[in-house]
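Peer 1: Sharing a structure below in structure tokens format, with a few things to ask.
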Amino acid sequence: MIKKITDNIAYIPASEGPLSADIGLVMGNRRIYVFDTGNGDAAYKELKDFLDSCPEKEAVCILSHFHEDHTANFARFDYSKIYVSPHTNRYIKIGEPLTSPLTIEDGVSITVFPLPSSHAKGCLGMTAEGCAFLGDATYPAEVNNEEVYNKGLLQEELEVLKELPVKSFLLSHKPRFIYPAKVVIRELESVYGRRLPNEQYIKV
Ligand SMILES: [Zn+2]
């Protein structure tokens with residue numbers, strides 16, 4: 001079921017079995033911007049029905065990172081343009097690699113930007129109408145069965161997140177999906193505050 005967030009922003013919620021990430025949808029005047037494409041037949045059908053209901057609009061795809069639950073359905077759609085990070089581009093061998101923020105004006109103002117992350121190499125985020133789609137970028141990585149943040153990447157990520165002109169962060173797989181940006185930043189700062197001088201990783 002598609003859930004509306006603002007006038008021009010909606011999403012298809014994440015699911016499990018198979019694991020499929022939330023799919024962000026931004027309605028521009030001429031195009032629909034799809035942030036992550038999900039995984040499995042149920043997510044595919046929901047997105048297909050939605051795109052079929054707006055045949056006059058082209059679809060543009062933005063992939064948050066290369067993990068399968070965000071990208072597996074990607075090849076089942078025809079996108080007029082695809083934005084990825086250089087790392088995702090090497091992985092799925094398609095899309096325009098972004099190395100700096102890109103703003104698109106299409107009735108709504110959309111900015112796609114690189115986002116340093118402990119969770120996965122090569123993450124992108126996207127802002128529109130006071131919201132930032134962050135995919136899994138604010139989550140830790142799993143190293144030797146432990147959840148950890150990389151100290152340097154977390155510092156860089158916090159610098160980017162604090163500059164975003166938004167009130168809400170949209171966090172994939174999380175039960176509420178929409179969280180106050182301030183609260184998420186405060187939590188990540190508290191993790192960063194637990195760093196140790198000679199350790200590269202911060203355990204959580
Ligand atoms: Zn994910």
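We label chains A, B, ... in the order they appear in the structure tokens, count residues from 1 in each chain, and number ligands from 1 in the order shown.
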Find the residues of chain A that sit at most 7 Å from ligand 1; for each, write down the nearest two atoms and how far apart they are in Å, to one decimal. Count only C-alpha atoms and all ligand atoms. Sort by chain, then by number going up, and give it as a tab-separated table.
Peer 2:
```
residue	atom	partner	partner_atom_place_in_ligand_line	distance
A:Ala21	CA	ligand 1	1 (Zn)	5.3
A:His67	CA	ligand 1	1 (Zn)	6.4
A:Asp69	CA	ligand 1	1 (Zn)	5.4
A:His70	CA	ligand 1	1 (Zn)	5.9
A:Gly135	CA	ligand 1	1 (Zn)	6.9
A:Asp136	CA	ligand 1	1 (Zn)	5.5
A:Ser172	CA	ligand 1	1 (Zn)	6.5
A:His173	CA	ligand 1	1 (Zn)	6.7
```
Peer 1: Those selected residues, please, written with C-alpha atoms and delivered as an mmCIF file, in the first residue's frame.
Peer 2:
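And here is the file that came out, part01.cif:
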```
data_model
loop_
_atom_site.group_PDB
_atom_site.id
_atom_site.type_symbol
_atom_site.label_atom_id
_atom_site.label_comp_id
_atom_site.auth_asym_id
_atom_site.auth_seq_id
_atom_site.Cartn_x
_atom_site.Cartn_y
_atom_site.Cartn_z
ATOM 1 C CA ALA A 21 13.548 -1.832 1.301
ATOM 2 C CA HIS A 67 22.444 -4.014 -1.481
ATOM 3 C CA ASP A 69 16.921 -5.414 -0.955
ATOM 4 C CA HIS A 70 17.230 -1.914 -2.483
ATOM 5 C CA GLY A 135 18.155 4.430 2.791
ATOM 6 C CA ASP A 136 20.270 2.401 5.242
ATOM 7 C CA SER A 172 14.519 2.352 5.376
ATOM 8 C CA HIS A 173 13.224 -0.784 7.187
#
```
Peer 1: Considering only C-alpha atoms, give me a table of residues in region 102-178 of chain A that are at most 10 Å from region 49-66 of chain A, with the closest atom pair and distance in Å for each, as CSV.
Peer 2:
```
residue,atom,partner,partner_atom,distance
A:Val112,CA,A:Ile62,CA,8.0
A:Phe113,CA,A:Ser64,CA,9.8
A:Pro114,CA,A:Ser64,CA,9.1
A:Leu115,CA,A:Ser64,CA,9.1
A:His119,CA,A:His65,CA,9.5
A:Ala120,CA,A:His65,CA,6.9
A:Lys121,CA,A:His65,CA,7.4
A:Gly122,CA,A:His65,CA,6.1
A:Cys123,CA,A:His65,CA,4.8
A:Leu124,CA,A:Ser64,CA,4.7
A:Gly125,CA,A:Ser64,CA,6.2
A:Met126,CA,A:Ile62,CA,8.3
A:Phe133,CA,A:Ser64,CA,8.6
A:Leu134,CA,A:Ser64,CA,7.3
A:Gly135,CA,A:Ser64,CA,5.7
A:Asp136,CA,A:Ser64,CA,7.8
A:Ala137,CA,A:Ser64,CA,8.1
```
Peer 1: Of the candidates A:Leu188, A:Ile12, A:Ala132, A:Val84, which shows the shortest atom-to-atom distance to Glu163 (chain A), using only C-alpha atoms?
Peer 2: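 Ranking A:Leu188, A:Ile12, A:Ala132, A:Val84 by distance to Glu163 (chain A), first place goes to A:Ala132.
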Peer 1: I'd like the contact shell of Pro180 (chain A) - 12 Å cut-off, only C-alpha atoms, skipping same-chain residues fewer than 2 positions apart - returned as a PyMOL selection string.
Peer 2: chain A and resi 130-132+166-171+176-178+182-187
Peer 1: Do a neighbour search on Phe77 (chain A) at 10 Å with only C-alpha atoms, toss out local chain neighbours closer than 3 positions, and write the hits as a ChimeraX atom specification.
Peer 2: /A:37,44,47-48,51,59,61,73-74,80
Peer 1: Filtering to C-alpha atoms, could you give me those residues as an mmCIF file, in the first residue's frame?
Peer 2:
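Result file again23.cif:
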```cif
data_model
loop_
_atom_site.group_PDB
_atom_site.id
_atom_site.type_symbol
_atom_site.label_atom_id
_atom_site.label_comp_id
_atom_site.auth_asym_id
_atom_site.auth_seq_id
_atom_site.Cartn_x
_atom_site.Cartn_y
_atom_site.Cartn_z
ATOM 1 C CA THR A 37 13.419 -0.179 -6.313
ATOM 2 C CA TYR A 44 7.560 -4.983 -8.043
ATOM 3 C CA LEU A 47 5.666 -0.001 -7.992
ATOM 4 C CA LYS A 48 4.515 -1.154 -11.433
ATOM 5 C CA LEU A 51 4.034 3.906 -12.444
ATOM 6 C CA ALA A 59 10.468 7.465 -14.240
ATOM 7 C CA CYS A 61 15.651 5.988 -10.520
ATOM 8 C CA ASN A 73 13.930 -5.090 -8.931
ATOM 9 C CA PHE A 74 15.844 -2.393 -10.702
ATOM 10 C CA SER A 80 14.782 7.393 -18.396
#
```
Peer 1: Give me, as an mmCIF file with C-alpha atoms, in the first residue's frame, the residues of region 7-191 of chain A that a backbone DSSP run labels strand (DSSP E or B).
Peer 2:
```cif
data_model
loop_
_atom_site.group_PDB
_atom_site.id
_atom_site.type_symbol
_atom_site.label_atom_id
_atom_site.label_comp_id
_atom_site.auth_asym_id
_atom_site.auth_seq_id
_atom_site.Cartn_x
_atom_site.Cartn_y
_atom_site.Cartn_z
ATOM 1 C CA ILE A 9 6.104 12.508 -1.609
ATOM 2 C CA ALA A 10 4.942 8.981 -0.904
ATOM 3 C CA TYR A 11 6.482 5.564 -0.296
ATOM 4 C CA ILE A 12 5.896 1.862 -0.596
ATOM 5 C CA SER A 15 8.669 -5.804 3.723
ATOM 6 C CA SER A 20 12.665 -5.431 0.434
ATOM 7 C CA ILE A 23 10.603 2.610 -2.071
ATOM 8 C CA GLY A 24 10.502 6.415 -2.054
ATOM 9 C CA LEU A 25 8.338 8.225 -4.630
ATOM 10 C CA VAL A 26 8.564 11.918 -5.492
ATOM 11 C CA MET A 27 6.073 13.314 -7.988
ATOM 12 C CA ARG A 31 8.864 12.854 -13.928
ATOM 13 C CA ILE A 32 8.462 10.453 -11.034
ATOM 14 C CA TYR A 33 11.590 9.969 -8.936
ATOM 15 C CA VAL A 34 11.933 6.478 -7.507
ATOM 16 C CA PHE A 35 14.365 6.161 -4.582
ATOM 17 C CA GLU A 58 8.906 9.319 -17.154
ATOM 18 C CA ALA A 59 10.468 7.465 -14.240
ATOM 19 C CA VAL A 60 13.886 8.392 -12.879
ATOM 20 C CA CYS A 61 15.651 5.988 -10.520
ATOM 21 C CA ILE A 62 18.002 6.777 -7.650
ATOM 22 C CA LYS A 81 17.660 8.205 -16.069
ATOM 23 C CA ILE A 82 19.447 6.351 -13.264
ATOM 24 C CA TYR A 83 21.588 7.926 -10.567
ATOM 25 C CA VAL A 84 23.959 5.821 -8.503
ATOM 26 C CA GLU A 96 25.145 7.822 -13.949
ATOM 27 C CA PRO A 97 27.724 7.904 -11.109
ATOM 28 C CA LEU A 102 22.820 17.247 -7.970
ATOM 29 C CA THR A 103 19.692 19.418 -7.773
ATOM 30 C CA ILE A 104 16.770 18.833 -10.125
ATOM 31 C CA GLU A 105 13.938 21.368 -10.428
ATOM 32 C CA ASP A 106 10.745 19.693 -11.614
ATOM 33 C CA VAL A 108 9.532 20.074 -6.625
ATOM 34 C CA SER A 109 13.163 20.703 -5.835
ATOM 35 C CA ILE A 110 15.066 17.439 -5.482
ATOM 36 C CA THR A 111 18.694 17.051 -4.448
ATOM 37 C CA VAL A 112 20.581 13.769 -4.715
ATOM 38 C CA PHE A 113 23.832 13.720 -2.770
ATOM 39 C CA PRO A 114 26.679 11.380 -1.751
ATOM 40 C CA LEU A 115 26.410 10.278 1.872
ATOM 41 C CA CYS A 123 25.556 5.600 -0.406
ATOM 42 C CA LEU A 124 23.345 8.323 -1.880
ATOM 43 C CA GLY A 125 20.615 10.310 -0.125
ATOM 44 C CA MET A 126 17.850 12.438 -1.616
ATOM 45 C CA THR A 127 16.007 15.483 -0.249
ATOM 46 C CA ALA A 128 12.618 16.859 -1.322
ATOM 47 C CA CYS A 131 12.337 15.203 3.882
ATOM 48 C CA ALA A 132 15.569 13.298 3.337
ATOM 49 C CA PHE A 133 15.500 9.722 2.059
ATOM 50 C CA LEU A 134 18.584 8.133 3.639
ATOM 51 C CA GLY A 135 18.155 4.430 2.791
ATOM 52 C CA ALA A 141 28.057 -2.247 9.503
ATOM 53 C CA GLU A 142 28.452 -5.818 10.659
ATOM 54 C CA VAL A 143 32.095 -6.708 11.254
ATOM 55 C CA GLU A 146 29.362 -7.107 15.741
ATOM 56 C CA GLU A 147 27.488 -3.949 14.815
ATOM 57 C CA VAL A 148 29.999 -1.165 14.419
ATOM 58 C CA TYR A 149 30.338 2.351 13.070
ATOM 59 C CA ASN A 150 33.517 3.490 11.388
ATOM 60 C CA SER A 168 12.473 14.583 8.662
ATOM 61 C CA PHE A 169 14.762 11.674 7.926
ATOM 62 C CA LEU A 170 13.239 8.700 6.137
ATOM 63 C CA LEU A 171 14.983 5.541 7.334
ATOM 64 C CA ILE A 178 9.717 8.945 9.200
ATOM 65 C CA TYR A 179 11.845 10.278 12.091
ATOM 66 C CA PRO A 180 12.690 13.800 13.288
#
```
Peer 1: Pick out each residue of region 71-119 of chain A that DSSP on the backbone tags as helix (DSSP H, G or I); I need them as a PDB file with N, CA and C atoms, in the first residue's frame.
Peer 2:
```pdb
ATOM      1  N   THR A  71      17.943  -2.877  -4.595  1.00  0.00           N
ATOM      2  CA  THR A  71      18.227  -2.777  -6.037  1.00  0.00           C
ATOM      3  C   THR A  71      17.699  -3.925  -6.893  1.00  0.00           C
ATOM      4  N   ALA A  72      17.311  -5.058  -6.285  1.00  0.00           N
ATOM      5  CA  ALA A  72      17.073  -6.264  -7.087  1.00  0.00           C
ATOM      6  C   ALA A  72      16.026  -6.060  -8.184  1.00  0.00           C
ATOM      7  N   ASN A  73      14.982  -5.267  -7.915  1.00  0.00           N
ATOM      8  CA  ASN A  73      13.930  -5.090  -8.931  1.00  0.00           C
ATOM      9  C   ASN A  73      14.280  -4.046  -9.988  1.00  0.00           C
ATOM     10  N   PHE A  74      15.433  -3.493  -9.863  1.00  0.00           N
ATOM     11  CA  PHE A  74      15.844  -2.393 -10.702  1.00  0.00           C
ATOM     12  C   PHE A  74      15.697  -2.692 -12.209  1.00  0.00           C
ATOM     13  N   ALA A  75      16.161  -3.869 -12.635  1.00  0.00           N
ATOM     14  CA  ALA A  75      16.191  -4.191 -14.064  1.00  0.00           C
ATOM     15  C   ALA A  75      14.801  -4.496 -14.632  1.00  0.00           C
ATOM     16  N   ARG A  76      13.785  -4.573 -13.771  1.00  0.00           N
ATOM     17  CA  ARG A  76      12.441  -4.912 -14.262  1.00  0.00           C
ATOM     18  C   ARG A  76      11.678  -3.682 -14.727  1.00  0.00           C
ATOM     19  N   PRO A  86      29.442   5.934  -7.573  1.00  0.00           N
ATOM     20  CA  PRO A  86      30.432   5.211  -8.386  1.00  0.00           C
ATOM     21  C   PRO A  86      30.560   3.747  -7.953  1.00  0.00           C
ATOM     22  N   HIS A  87      30.462   3.483  -6.646  1.00  0.00           N
ATOM     23  CA  HIS A  87      30.583   2.100  -6.174  1.00  0.00           C
ATOM     24  C   HIS A  87      29.408   1.245  -6.671  1.00  0.00           C
ATOM     25  N   THR A  88      28.193   1.790  -6.565  1.00  0.00           N
ATOM     26  CA  THR A  88      27.016   1.045  -7.055  1.00  0.00           C
ATOM     27  C   THR A  88      27.126   0.842  -8.566  1.00  0.00           C
ATOM     28  N   ASN A  89      27.642   1.843  -9.248  1.00  0.00           N
ATOM     29  CA  ASN A  89      27.822   1.741 -10.702  1.00  0.00           C
ATOM     30  C   ASN A  89      28.762   0.576 -11.047  1.00  0.00           C
ATOM     31  N   ARG A  90      29.829   0.413 -10.274  1.00  0.00           N
ATOM     32  CA  ARG A  90      30.751  -0.706 -10.538  1.00  0.00           C
ATOM     33  C   ARG A  90      30.054  -2.029 -10.269  1.00  0.00           C
ATOM     34  N   TYR A  91      29.151  -2.033  -9.311  1.00  0.00           N
ATOM     35  CA  TYR A  91      28.477  -3.259  -8.888  1.00  0.00           C
ATOM     36  C   TYR A  91      27.376  -3.674  -9.869  1.00  0.00           C
ATOM     37  N   ILE A  92      26.499  -2.721 -10.229  1.00  0.00           N
ATOM     38  CA  ILE A  92      25.387  -3.101 -11.121  1.00  0.00           C
ATOM     39  C   ILE A  92      25.643  -2.707 -12.574  1.00  0.00           C
TER      40      ILE A  92
END
```
Peer 1: How many Å separate CA of Tyr139 (chain A) from CA of Gln155 (chain A)?
Peer 2: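 About the pair CA of Tyr139 (chain A) and CA of Gln155 (chain A): they are 13.4 Å apart.
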